[in-house]
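J.: My structure is below; once you've seen it, I'll send some questions.
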Amino acid sequence: MKAELIIDKNFKIGEIDKRIYGSFIEHLGRAVYGGIYEPTHEKADANGFRKDVLELVKKLNVPIVRYPGGNFVSGYNWEDGTGDKAKRPKKLELAWASTETNEVGIDEFQEWAKQANAEIMMAVNLGTRGPQDAQNLVEYCNLNTDTYYANMRKKNGFKEPFGIKTWCLGNEMDGPWQIGHKTAEEYGRIATETAKLMKLADPDIELVACGSSHYNMPTFAQWEFTVLDHIYDYVDYISLHQYYGNQSDNTVDFLARSVHMDAFIKSVAAICDAVKAKKHLDKTINLSFDEWNVWFHSNGAKFDKWSVAPAILEDVYTFEDALVVGCMLITLQNNCDRVKMACLAQLVNVIAPIMTENGGAAWVQTIFYPFMYSSLNGRGTALQTITKCDSYKSTDNLTIPYIETSVIYNEDKRELTVFAVNRSLDEDIELSLNLEGFEGAKLEEHIELYSDNLKSINTKENEAISPKKREITEKITLKKHSWNMLLYKY
């Protein structure tokens, strides 16, 4: 099979915001306790954070991390995670039927984020709490005033503000499973009043309104329109959440899910623009795809109710999952004109690229590498390209090109990066590039992720799936069912 990629330096989608390579840490399962934090581990630092896990996180170059949830935040009192650890209460955590010890809260997490070179995307509780509590949290985190909550932070040992600039107004409030679930009208009103108070406290923060929990929610589209009709003047982003699985073991359809993701993004952008037109405004609302991943392997797993940090939602990812994650990253890059932030959910242990053993090893899953290379080399200007290749039909009648590509150039580094996934299960693809505006461009590196076995996994003992450097030859070949990065210098 042959394919041609036509690239012109003048045809730009937009600048990639580094925050599309964000991730997510929720107080869920072993993401925090036994994940990033394990004070009894031999590799724990003075604050109890695992240094081996932190080094793997830093390899991903994650610029922003959403915290502390997720469904967890809708029943969370942020004050419980501050001050003297000996006085912090243990609480029932209703969202995930666990016990929350509150050993880690915003006091500790902001210290970890600094070590990880990441900003925080902080979520506020709009399930069981409301505007005043959110305003108080902004004061605690961001203000240097001689007032109650700023002084409370200083008393807790943090003289300087944390400086958190990105905030989520609740989580998945459209979902009946959510603690404090609301209708679009109810959420639109409380989120608007919350946004007002938060921005009165700190006018420099950016706010994310809750969009639909996934594309197939029965209230999708009407939810976004109603919420934005209330809150458009006060927020900067609306969220998207979407997970994909292969429950039917249909790899051909599974590899096509990023086409669905692209349609979801374009639909939400269109709704934002419809509200903008209705209100006769110049302001554009952009998108925060702050939960995305493959998630299905761990569904239905049993655990002890009300235990501390149970091992739940610990998907073990296959090679085909890595291909889908690679395609989803390409989709985010190709929509960078509207998607300014995105969070791979999650970062450690819970549907995550990094896994740990309590008291033992840390290792990387198959999905680690497409994310890492995208984060490291996918920064710059995304180009609108033309891809000429064969296609196939999915069972839901979508037209799926056999090759999924994104192209990003970095003017400062004089680099052009092509990310490409060959979806064909049977044929290699011979790829030719038609470059305009990149005179003298030379292929310097071809990184490939490939396995004969689509169900291969990584374990702590054996990293079966890892990147390989391909020999640079006159012809570029993308192996059947492979993820690739082509790095050009010009």
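Every chain in the structure tokens takes a letter, A first, then B, and so on in the order presented; its residues are numbered from 1, and the ligands are numbered from 1 following the presented order.
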I need the residues in stretch 4-52 of chain A that are strand (DSSP E) according to DSSP; give them as a PyMOL selection string.
T.: chain A and resi 4-8+12-15+22-24
J.: For A:Val407, work out the shell of residues within 9 Å, counting only C-alpha atoms and skipping chain neighbours fewer than 2 positions away, then give it as a list in words.
T.: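 That gives Ile7, Ile330, Gln333, Asn334, Gly378, Thr381, Ala382, Leu383, Gln384, Thr385, Thr405, Tyr409, Leu416, Thr417, Val418, Phe419 and Ala420 of chain A.
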J.: Atoms to include: N, CA, C and O atoms. Write the selected residues as a short mmCIF file (atom, residue, chain, number, x, y, z; two decimals), in the first residue's frame.
T.:
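New file selection.cif:
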data_model
loop_
_atom_site.label_atom_id
_atom_site.label_comp_id
_atom_site.auth_asym_id
_atom_site.auth_seq_id
_atom_site.Cartn_x
_atom_site.Cartn_y
_atom_site.Cartn_z
N ILE A 7 2.60 18.48 2.47
CA ILE A 7 2.85 19.40 3.59
C ILE A 7 3.29 20.74 3.03
O ILE A 7 4.23 20.81 2.25
N ILE A 330 -2.75 12.39 17.99
CA ILE A 330 -2.74 13.03 16.67
C ILE A 330 -4.00 13.87 16.48
O ILE A 330 -3.94 15.00 15.96
N GLN A 333 -3.67 17.09 18.41
CA GLN A 333 -2.76 17.99 17.71
C GLN A 333 -3.43 18.65 16.51
O GLN A 333 -3.27 19.86 16.28
N ASN A 334 -4.21 17.88 15.78
CA ASN A 334 -4.87 18.41 14.58
C ASN A 334 -6.06 19.31 14.89
O ASN A 334 -6.63 19.91 13.98
N GLY A 378 6.11 17.19 19.93
CA GLY A 378 4.90 17.71 19.30
C GLY A 378 4.56 19.13 19.74
O GLY A 378 3.39 19.46 19.93
N THR A 381 4.02 24.50 15.67
CA THR A 381 2.89 24.86 14.81
C THR A 381 2.38 23.61 14.09
O THR A 381 3.14 22.94 13.38
N ALA A 382 1.11 23.29 14.30
CA ALA A 382 0.49 22.17 13.59
C ALA A 382 0.07 22.62 12.20
O ALA A 382 -0.48 23.70 12.02
N LEU A 383 0.33 21.78 11.21
CA LEU A 383 0.05 22.11 9.82
C LEU A 383 -1.16 21.34 9.31
O LEU A 383 -1.38 20.17 9.67
N GLN A 384 -1.92 22.02 8.45
CA GLN A 384 -3.05 21.39 7.77
C GLN A 384 -2.51 20.66 6.55
O GLN A 384 -2.05 21.28 5.59
N THR A 385 -2.52 19.35 6.59
CA THR A 385 -1.91 18.56 5.53
C THR A 385 -2.98 17.83 4.71
O THR A 385 -4.13 17.73 5.12
N THR A 405 -2.29 10.88 10.54
CA THR A 405 -1.07 11.68 10.63
C THR A 405 -1.31 13.06 11.23
O THR A 405 -2.40 13.62 11.13
N TYR A 409 5.76 21.69 13.05
CA TYR A 409 7.11 22.21 12.88
C TYR A 409 7.44 23.19 14.00
O TYR A 409 6.58 23.90 14.50
N LEU A 416 10.88 19.46 11.87
CA LEU A 416 9.56 19.09 11.37
C LEU A 416 9.30 17.66 11.83
O LEU A 416 10.10 16.76 11.55
N THR A 417 8.20 17.47 12.56
CA THR A 417 7.89 16.16 13.12
C THR A 417 6.60 15.63 12.52
O THR A 417 5.58 16.34 12.50
N VAL A 418 6.65 14.41 12.02
CA VAL A 418 5.47 13.72 11.49
C VAL A 418 5.14 12.56 12.42
O VAL A 418 5.99 11.69 12.67
N PHE A 419 3.93 12.56 12.96
CA PHE A 419 3.43 11.42 13.71
C PHE A 419 2.49 10.64 12.79
O PHE A 419 1.63 11.24 12.12
N ALA A 420 2.63 9.33 12.75
CA ALA A 420 1.82 8.54 11.82
C ALA A 420 1.51 7.17 12.40
O ALA A 420 2.39 6.49 12.93
#
J.: Tell me which of A:Phe289, A:Asp396, A:Glu436, A:Leu347 sits closest to A:Asn335, counting only C-alpha atoms.
T.: A:Phe289
J.: Can you build me a table of stretch 1-88 of chain A residues sitting at most 8 Å from stretch 437-447 of chain A, with the closest atom pair per residue and its distance in Å to one decimal, using only C-alpha atoms, sorted by chain and residue number, as JSON lines?
T.:
{"residue": "A:Asp8", "atom": "CA", "partner": "A:Gly437", "partner_atom": "CA", "distance": 6.2}
{"residue": "A:Lys9", "atom": "CA", "partner": "A:Gly437", "partner_atom": "CA", "distance": 5.2}
{"residue": "A:Asn10", "atom": "CA", "partner": "A:Gly437", "partner_atom": "CA", "distance": 7.6}
J.: Can you list, as JSON, numbers by chain, every protein, DNA or RNA residue that comes within 7 Å of A:Ser239 when you count only C-alpha atoms, leaving out same-chain residues fewer than 6 positions away?
T.: {"A": [208, 209, 210, 211, 287, 288, 289, 290]}
J.: Can you write out the residues you just picked, keeping all heavy atoms, as a PDB file, in the first residue's frame?
T.:
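New file out_18.pdb:
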ATOM      1  N   VAL A 208     -12.739  26.620  33.585  1.00  0.00           N
ATOM      2  CA  VAL A 208     -13.251  25.582  32.690  1.00  0.00           C
ATOM      3  C   VAL A 208     -14.641  25.176  33.157  1.00  0.00           C
ATOM      4  O   VAL A 208     -14.799  24.717  34.307  1.00  0.00           O
ATOM      5  CB  VAL A 208     -12.335  24.347  32.678  1.00  0.00           C
ATOM      6  CG1 VAL A 208     -12.837  23.320  31.659  1.00  0.00           C
ATOM      7  CG2 VAL A 208     -10.879  24.730  32.392  1.00  0.00           C
ATOM      8  N   ALA A 209     -15.640  25.320  32.297  1.00  0.00           N
ATOM      9  CA  ALA A 209     -16.995  24.856  32.613  1.00  0.00           C
ATOM     10  C   ALA A 209     -17.132  23.389  32.233  1.00  0.00           C
ATOM     11  O   ALA A 209     -16.467  22.897  31.321  1.00  0.00           O
ATOM     12  CB  ALA A 209     -18.025  25.689  31.852  1.00  0.00           C
ATOM     13  N   CYS A 210     -18.015  22.675  32.942  1.00  0.00           N
ATOM     14  CA  CYS A 210     -18.265  21.264  32.641  1.00  0.00           C
ATOM     15  C   CYS A 210     -19.075  21.124  31.358  1.00  0.00           C
ATOM     16  O   CYS A 210     -20.201  21.632  31.269  1.00  0.00           O
ATOM     17  CB  CYS A 210     -19.054  20.601  33.758  1.00  0.00           C
ATOM     18  SG  CYS A 210     -18.109  20.264  35.233  1.00  0.00           S
ATOM     19  N   GLY A 211     -18.517  20.410  30.403  1.00  0.00           N
ATOM     20  CA  GLY A 211     -19.287  19.966  29.255  1.00  0.00           C
ATOM     21  C   GLY A 211     -19.878  18.595  29.541  1.00  0.00           C
ATOM     22  O   GLY A 211     -19.914  18.132  30.684  1.00  0.00           O
ATOM     23  N   LEU A 287     -11.537  24.730  24.079  1.00  0.00           N
ATOM     24  CA  LEU A 287     -11.892  23.432  24.631  1.00  0.00           C
ATOM     25  C   LEU A 287     -10.789  22.880  25.520  1.00  0.00           C
ATOM     26  O   LEU A 287      -9.596  23.029  25.225  1.00  0.00           O
ATOM     27  CB  LEU A 287     -12.169  22.426  23.503  1.00  0.00           C
ATOM     28  CG  LEU A 287     -13.115  22.888  22.391  1.00  0.00           C
ATOM     29  CD1 LEU A 287     -13.350  21.764  21.392  1.00  0.00           C
ATOM     30  CD2 LEU A 287     -14.432  23.397  22.941  1.00  0.00           C
ATOM     31  N   SER A 288     -11.210  22.240  26.607  1.00  0.00           N
ATOM     32  CA  SER A 288     -10.308  21.518  27.490  1.00  0.00           C
ATOM     33  C   SER A 288     -10.738  20.048  27.495  1.00  0.00           C
ATOM     34  O   SER A 288     -11.750  19.701  28.108  1.00  0.00           O
ATOM     35  CB  SER A 288     -10.365  22.091  28.912  1.00  0.00           C
ATOM     36  OG  SER A 288      -9.570  21.331  29.803  1.00  0.00           O
ATOM     37  N   PHE A 289      -9.993  19.206  26.783  1.00  0.00           N
ATOM     38  CA  PHE A 289     -10.327  17.776  26.714  1.00  0.00           C
ATOM     39  C   PHE A 289      -9.653  17.112  27.912  1.00  0.00           C
ATOM     40  O   PHE A 289      -8.685  16.376  27.783  1.00  0.00           O
ATOM     41  CB  PHE A 289      -9.838  17.174  25.395  1.00  0.00           C
ATOM     42  CG  PHE A 289     -10.715  16.072  24.872  1.00  0.00           C
ATOM     43  CD1 PHE A 289     -11.182  16.093  23.573  1.00  0.00           C
ATOM     44  CD2 PHE A 289     -11.073  15.007  25.688  1.00  0.00           C
ATOM     45  CE1 PHE A 289     -11.997  15.086  23.085  1.00  0.00           C
ATOM     46  CE2 PHE A 289     -11.883  13.990  25.218  1.00  0.00           C
ATOM     47  CZ  PHE A 289     -12.348  14.018  23.903  1.00  0.00           C
ATOM     48  N   ASP A 290     -10.216  17.399  29.108  1.00  0.00           N
ATOM     49  CA  ASP A 290      -9.467  17.099  30.320  1.00  0.00           C
ATOM     50  C   ASP A 290      -9.708  15.711  30.912  1.00  0.00           C
ATOM     51  O   ASP A 290      -9.273  15.433  32.034  1.00  0.00           O
ATOM     52  CB  ASP A 290      -9.643  18.196  31.381  1.00  0.00           C
ATOM     53  CG  ASP A 290     -11.071  18.604  31.635  1.00  0.00           C
ATOM     54  OD1 ASP A 290     -11.924  17.710  31.681  1.00  0.00           O
ATOM     55  OD2 ASP A 290     -11.330  19.809  31.789  1.00  0.00           O
TER      56      ASP A 290
END
J.: I need the residues in stretch 123-161 of chain A that are helix (DSSP H, G or I) according to DSSP; give them as a ChimeraX atom specification.
T.: /A:131-142,148-155
J.: Emit the selected residues as a compact mmCIF listing (two decimals), in the first residue's frame, including N, CA and C atoms.
T.:
# COMPACT_ATOMS: atom_id res chain seq x y z
N PRO A 131 -20.34 28.29 45.67
CA PRO A 131 -19.52 29.45 45.33
C PRO A 131 -18.59 29.93 46.44
N GLN A 132 -19.09 30.03 47.66
CA GLN A 132 -18.27 30.57 48.74
C GLN A 132 -17.06 29.69 49.02
N ASP A 133 -17.26 28.37 49.01
CA ASP A 133 -16.15 27.45 49.29
C ASP A 133 -15.09 27.53 48.18
N ALA A 134 -15.54 27.71 46.95
CA ALA A 134 -14.61 27.83 45.83
C ALA A 134 -13.81 29.13 45.94
N GLN A 135 -14.48 30.20 46.31
CA GLN A 135 -13.78 31.48 46.50
C GLN A 135 -12.75 31.35 47.62
N ASN A 136 -13.11 30.67 48.71
CA ASN A 136 -12.18 30.48 49.82
C ASN A 136 -10.94 29.71 49.39
N LEU A 137 -11.15 28.71 48.54
CA LEU A 137 -10.02 27.92 48.06
C LEU A 137 -9.10 28.76 47.18
N VAL A 138 -9.67 29.62 46.34
CA VAL A 138 -8.85 30.53 45.53
C VAL A 138 -8.02 31.43 46.43
N GLU A 139 -8.65 31.96 47.48
CA GLU A 139 -7.91 32.80 48.43
C GLU A 139 -6.77 32.02 49.08
N TYR A 140 -7.07 30.80 49.52
CA TYR A 140 -6.05 29.97 50.17
C TYR A 140 -4.87 29.72 49.24
N CYS A 141 -5.15 29.43 47.99
CA CYS A 141 -4.09 29.06 47.04
C CYS A 141 -3.36 30.26 46.44
N ASN A 142 -4.06 31.36 46.21
CA ASN A 142 -3.50 32.38 45.32
C ASN A 142 -3.27 33.75 45.92
N TYR A 148 -8.41 35.69 56.19
CA TYR A 148 -8.51 34.42 56.89
C TYR A 148 -7.84 33.25 56.16
N TYR A 149 -8.25 33.00 54.90
CA TYR A 149 -7.76 31.79 54.22
C TYR A 149 -6.33 31.96 53.72
N ALA A 150 -5.93 33.15 53.33
CA ALA A 150 -4.53 33.39 52.98
C ALA A 150 -3.65 33.21 54.22
N ASN A 151 -4.13 33.70 55.36
CA ASN A 151 -3.38 33.52 56.61
C ASN A 151 -3.37 32.06 57.07
N MET A 152 -4.43 31.35 56.75
CA MET A 152 -4.49 29.92 57.07
C MET A 152 -3.38 29.17 56.31
N ARG A 153 -3.19 29.52 55.03
CA ARG A 153 -2.09 28.90 54.25
C ARG A 153 -0.73 29.23 54.87
N LYS A 154 -0.55 30.50 55.23
CA LYS A 154 0.73 30.91 55.82
C LYS A 154 0.98 30.18 57.15
N LYS A 155 -0.06 30.03 57.95
CA LYS A 155 0.05 29.31 59.22
C LYS A 155 0.44 27.85 58.97
J.: Compile the contact shell of stretch 161-166 of chain A as an MDAnalysis selection string: residues with an atom at most 10 Å away, counting only C-alpha atoms, same-chain residues fewer than 4 positions apart removed.
T.: chainID A and resid 64 66 106:107 110:111 114 119:123 138:145 150 153:154 202:208 236
J.: Name the closest residue to A:Val53 among the candidates A:Gly14, A:Gly105, A:Gly35, A:Pro310; distances are taken between atoms, counting only C-alpha atoms.
T.: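 Looking only at the distances to A:Val53, the closest residue turns out to be A:Gly35.
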J.: Env of stretch 173-190 of chain A: 9 Å cut, atoms = only C-alpha atoms, seq-sep filter 5 positions within chain, self excluded. Answer as a ChimeraX atom specification.
T.: /A:71-75,94-95,126-131,195,209-213,217,219,222-231
J.: Residues of the last selection are to be written out with C-alpha atoms, as a PDB file, in the first residue's frame.
T.:
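File written: part29.pdb
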ATOM      1  CA  ASN A  71     -15.854  12.221  40.648  1.00  0.00           C
ATOM      2  CA  PHE A  72     -13.945  12.477  43.933  1.00  0.00           C
ATOM      3  CA  VAL A  73     -14.095  16.278  43.980  1.00  0.00           C
ATOM      4  CA  SER A  74     -17.894  16.412  44.090  1.00  0.00           C
ATOM      5  CA  GLY A  75     -17.920  15.247  47.710  1.00  0.00           C
ATOM      6  CA  LEU A  94     -18.540   8.047  48.366  1.00  0.00           C
ATOM      7  CA  ALA A  95     -17.625   8.384  44.684  1.00  0.00           C
ATOM      8  CA  LEU A 126     -19.900  22.012  42.908  1.00  0.00           C
ATOM      9  CA  GLY A 127     -21.619  18.803  43.986  1.00  0.00           C
ATOM     10  CA  THR A 128     -22.025  19.178  47.759  1.00  0.00           C
ATOM     11  CA  ARG A 129     -20.533  22.682  48.061  1.00  0.00           C
ATOM     12  CA  GLY A 130     -20.756  25.967  46.194  1.00  0.00           C
ATOM     13  CA  PRO A 131     -19.519  29.450  45.326  1.00  0.00           C
ATOM     14  CA  ALA A 195     -17.114  31.894  38.501  1.00  0.00           C
ATOM     15  CA  ALA A 209     -16.995  24.856  32.613  1.00  0.00           C
ATOM     16  CA  CYS A 210     -18.265  21.264  32.641  1.00  0.00           C
ATOM     17  CA  GLY A 211     -19.287  19.966  29.255  1.00  0.00           C
ATOM     18  CA  SER A 212     -20.914  16.586  28.668  1.00  0.00           C
ATOM     19  CA  SER A 213     -19.380  13.526  30.317  1.00  0.00           C
ATOM     20  CA  MET A 217     -24.882  11.395  26.876  1.00  0.00           C
ATOM     21  CA  THR A 219     -28.299  15.546  27.074  1.00  0.00           C
ATOM     22  CA  GLN A 222     -28.321  20.808  24.731  1.00  0.00           C
ATOM     23  CA  TRP A 223     -26.249  20.653  27.923  1.00  0.00           C
ATOM     24  CA  GLU A 224     -23.378  22.617  26.350  1.00  0.00           C
ATOM     25  CA  PHE A 225     -25.692  25.198  24.806  1.00  0.00           C
ATOM     26  CA  THR A 226     -27.668  25.799  28.016  1.00  0.00           C
ATOM     27  CA  VAL A 227     -24.587  25.975  30.264  1.00  0.00           C
ATOM     28  CA  LEU A 228     -22.746  28.328  27.915  1.00  0.00           C
ATOM     29  CA  ASP A 229     -25.825  30.504  27.560  1.00  0.00           C
ATOM     30  CA  HIS A 230     -25.500  31.151  31.306  1.00  0.00           C
ATOM     31  CA  ILE A 231     -21.747  31.302  31.779  1.00  0.00           C
TER      32      ILE A 231
END
J.: Report as a Markdown table: every residue of stretch 325-389 of chain A with an atom at most 10 Å from stretch 483-490 of chain A, its closest pair of atoms, and their distance in Å to one decimal, counting only C-alpha atoms, with rows sorted by chain and ascending residue number.
T.:
| residue | atom | partner | partner_atom | distance |
| --- | --- | --- | --- | --- |
| A:Val325 | CA | A:Trp483 | CA | 9.8 |
| A:Gly326 | CA | A:Trp483 | CA | 6.8 |
| A:Cys327 | CA | A:Trp483 | CA | 8.5 |
| A:Tyr369 | CA | A:Trp483 | CA | 9.7 |
| A:Pro370 | CA | A:Trp483 | CA | 7.6 |
| A:Tyr373 | CA | A:Met485 | CA | 7.8 |
| A:Ser374 | CA | A:Met485 | CA | 8.6 |
| A:Asn377 | CA | A:Leu487 | CA | 8.4 |
| A:Gly378 | CA | A:Met485 | CA | 9.9 |
J.: So which residues touch A:Gly380 within 9 Å, counting only C-alpha atoms, skipping near sequence neighbours fewer than 6 positions away, as a list in words?
T.: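 The neighbour list is Gly14, Glu15, Ile16, Asp17, Lys18, Ile408, Tyr409, Asn410, Glu411 and Asp412 of chain A.
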J.: How would the residues just picked look written out with C-alpha atoms as a compact mmCIF listing (two decimals), in the first residue's frame?
T.:
# COMPACT_ATOMS: atom_id res chain seq x y z
CA GLY A 14 -2.46 26.79 14.82
CA GLU A 15 0.07 26.87 17.59
CA ILE A 16 0.00 23.90 19.92
CA ASP A 17 -0.54 24.89 23.54
CA LYS A 18 1.84 22.71 25.55
CA ILE A 408 4.24 19.89 13.54
CA TYR A 409 7.11 22.21 12.88
CA ASN A 410 9.25 24.01 15.42
CA GLU A 411 10.79 27.13 13.89
CA ASP A 412 13.22 27.67 16.76
J.: Under the rule that only C-alpha atoms are counted, which of A:Ser23, A:Thr473, A:Ser375, A:Thr40 is the nearest residue to A:Tyr67?
T.: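 Looking only at the distances to A:Tyr67, the closest residue turns out to be A:Ser23.
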J.: Tell me, as number ranges by chain, which residues lie within 12 Å of A:Asn422, counting only C-alpha atoms; anything in the same chain fewer than 5 positions away does not count.
T.: A: 1-3, 252, 255-256, 320, 323-324, 326-327, 389-391, 400-405, 427-431, 448-450, 477-485
J.: What are the nearest atom pairs, with distances in Å to one decimal, for all residues of stretch 18-105 of chain A that come at most 12 Å from stretch 355-367 of chain A, using only C-alpha atoms, set out by chain and rising residue number as a Markdown table?
T.:
| residue | atom | partner | partner_atom | distance |
| --- | --- | --- | --- | --- |
| A:Arg30 | CA | A:Thr356 | CA | 8.8 |
| A:Ala31 | CA | A:Met355 | CA | 9.2 |
| A:Val32 | CA | A:Thr356 | CA | 11.1 |
| A:Tyr33 | CA | A:Asn358 | CA | 9.1 |
| A:Gly34 | CA | A:Asn358 | CA | 5.6 |
| A:Gly35 | CA | A:Thr356 | CA | 6.3 |
| A:Ile36 | CA | A:Thr356 | CA | 9.0 |
| A:Tyr37 | CA | A:Asn358 | CA | 10.1 |
| A:Glu38 | CA | A:Asn358 | CA | 7.8 |
| A:Pro39 | CA | A:Gly359 | CA | 9.7 |
| A:Thr40 | CA | A:Gly359 | CA | 7.5 |
| A:His41 | CA | A:Gly359 | CA | 5.3 |
| A:Glu42 | CA | A:Gly359 | CA | 7.5 |
| A:Lys43 | CA | A:Gly359 | CA | 9.1 |
| A:Ala44 | CA | A:Gly359 | CA | 10.0 |
| A:Arg50 | CA | A:Ala362 | CA | 9.5 |
| A:Lys51 | CA | A:Ala362 | CA | 10.1 |
| A:Asp52 | CA | A:Ala362 | CA | 6.8 |
| A:Val53 | CA | A:Ala362 | CA | 6.4 |
| A:Leu54 | CA | A:Ala362 | CA | 10.1 |
| A:Glu55 | CA | A:Ala362 | CA | 10.1 |
| A:Leu56 | CA | A:Val364 | CA | 7.9 |
| A:Val57 | CA | A:Val364 | CA | 10.0 |
| A:Lys59 | CA | A:Val364 | CA | 10.8 |
| A:Leu60 | CA | A:Val364 | CA | 10.8 |
J.: So how many Å separate atom CA of A:Tyr232 and atom CA of A:Ser267, to one decimal?
T.: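 Atom CA of A:Ser267 lies at a distance of 17.1 Å from atom CA of A:Tyr232.
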J.: So, counting only C-alpha atoms, which residue among A:Asp321, A:Val348, A:Glu172, A:Leu425 is closest to A:Ile465?
T.: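 Nearest candidate to A:Ile465 out of A:Asp321, A:Val348, A:Glu172, A:Leu425: A:Asp321.
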J.: I'd like the interatomic distance between atom CA of A:Arg414 and atom CA of A:Lys388, to a tenth of an Å.
T.: 25.8 Å
J.: Any idea what the distance is between atom CA of A:Ala270 and atom CA of A:Cys336?
T.: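 For atom CA of A:Ala270 relative to atom CA of A:Cys336, the distance reads 14.8 Å.
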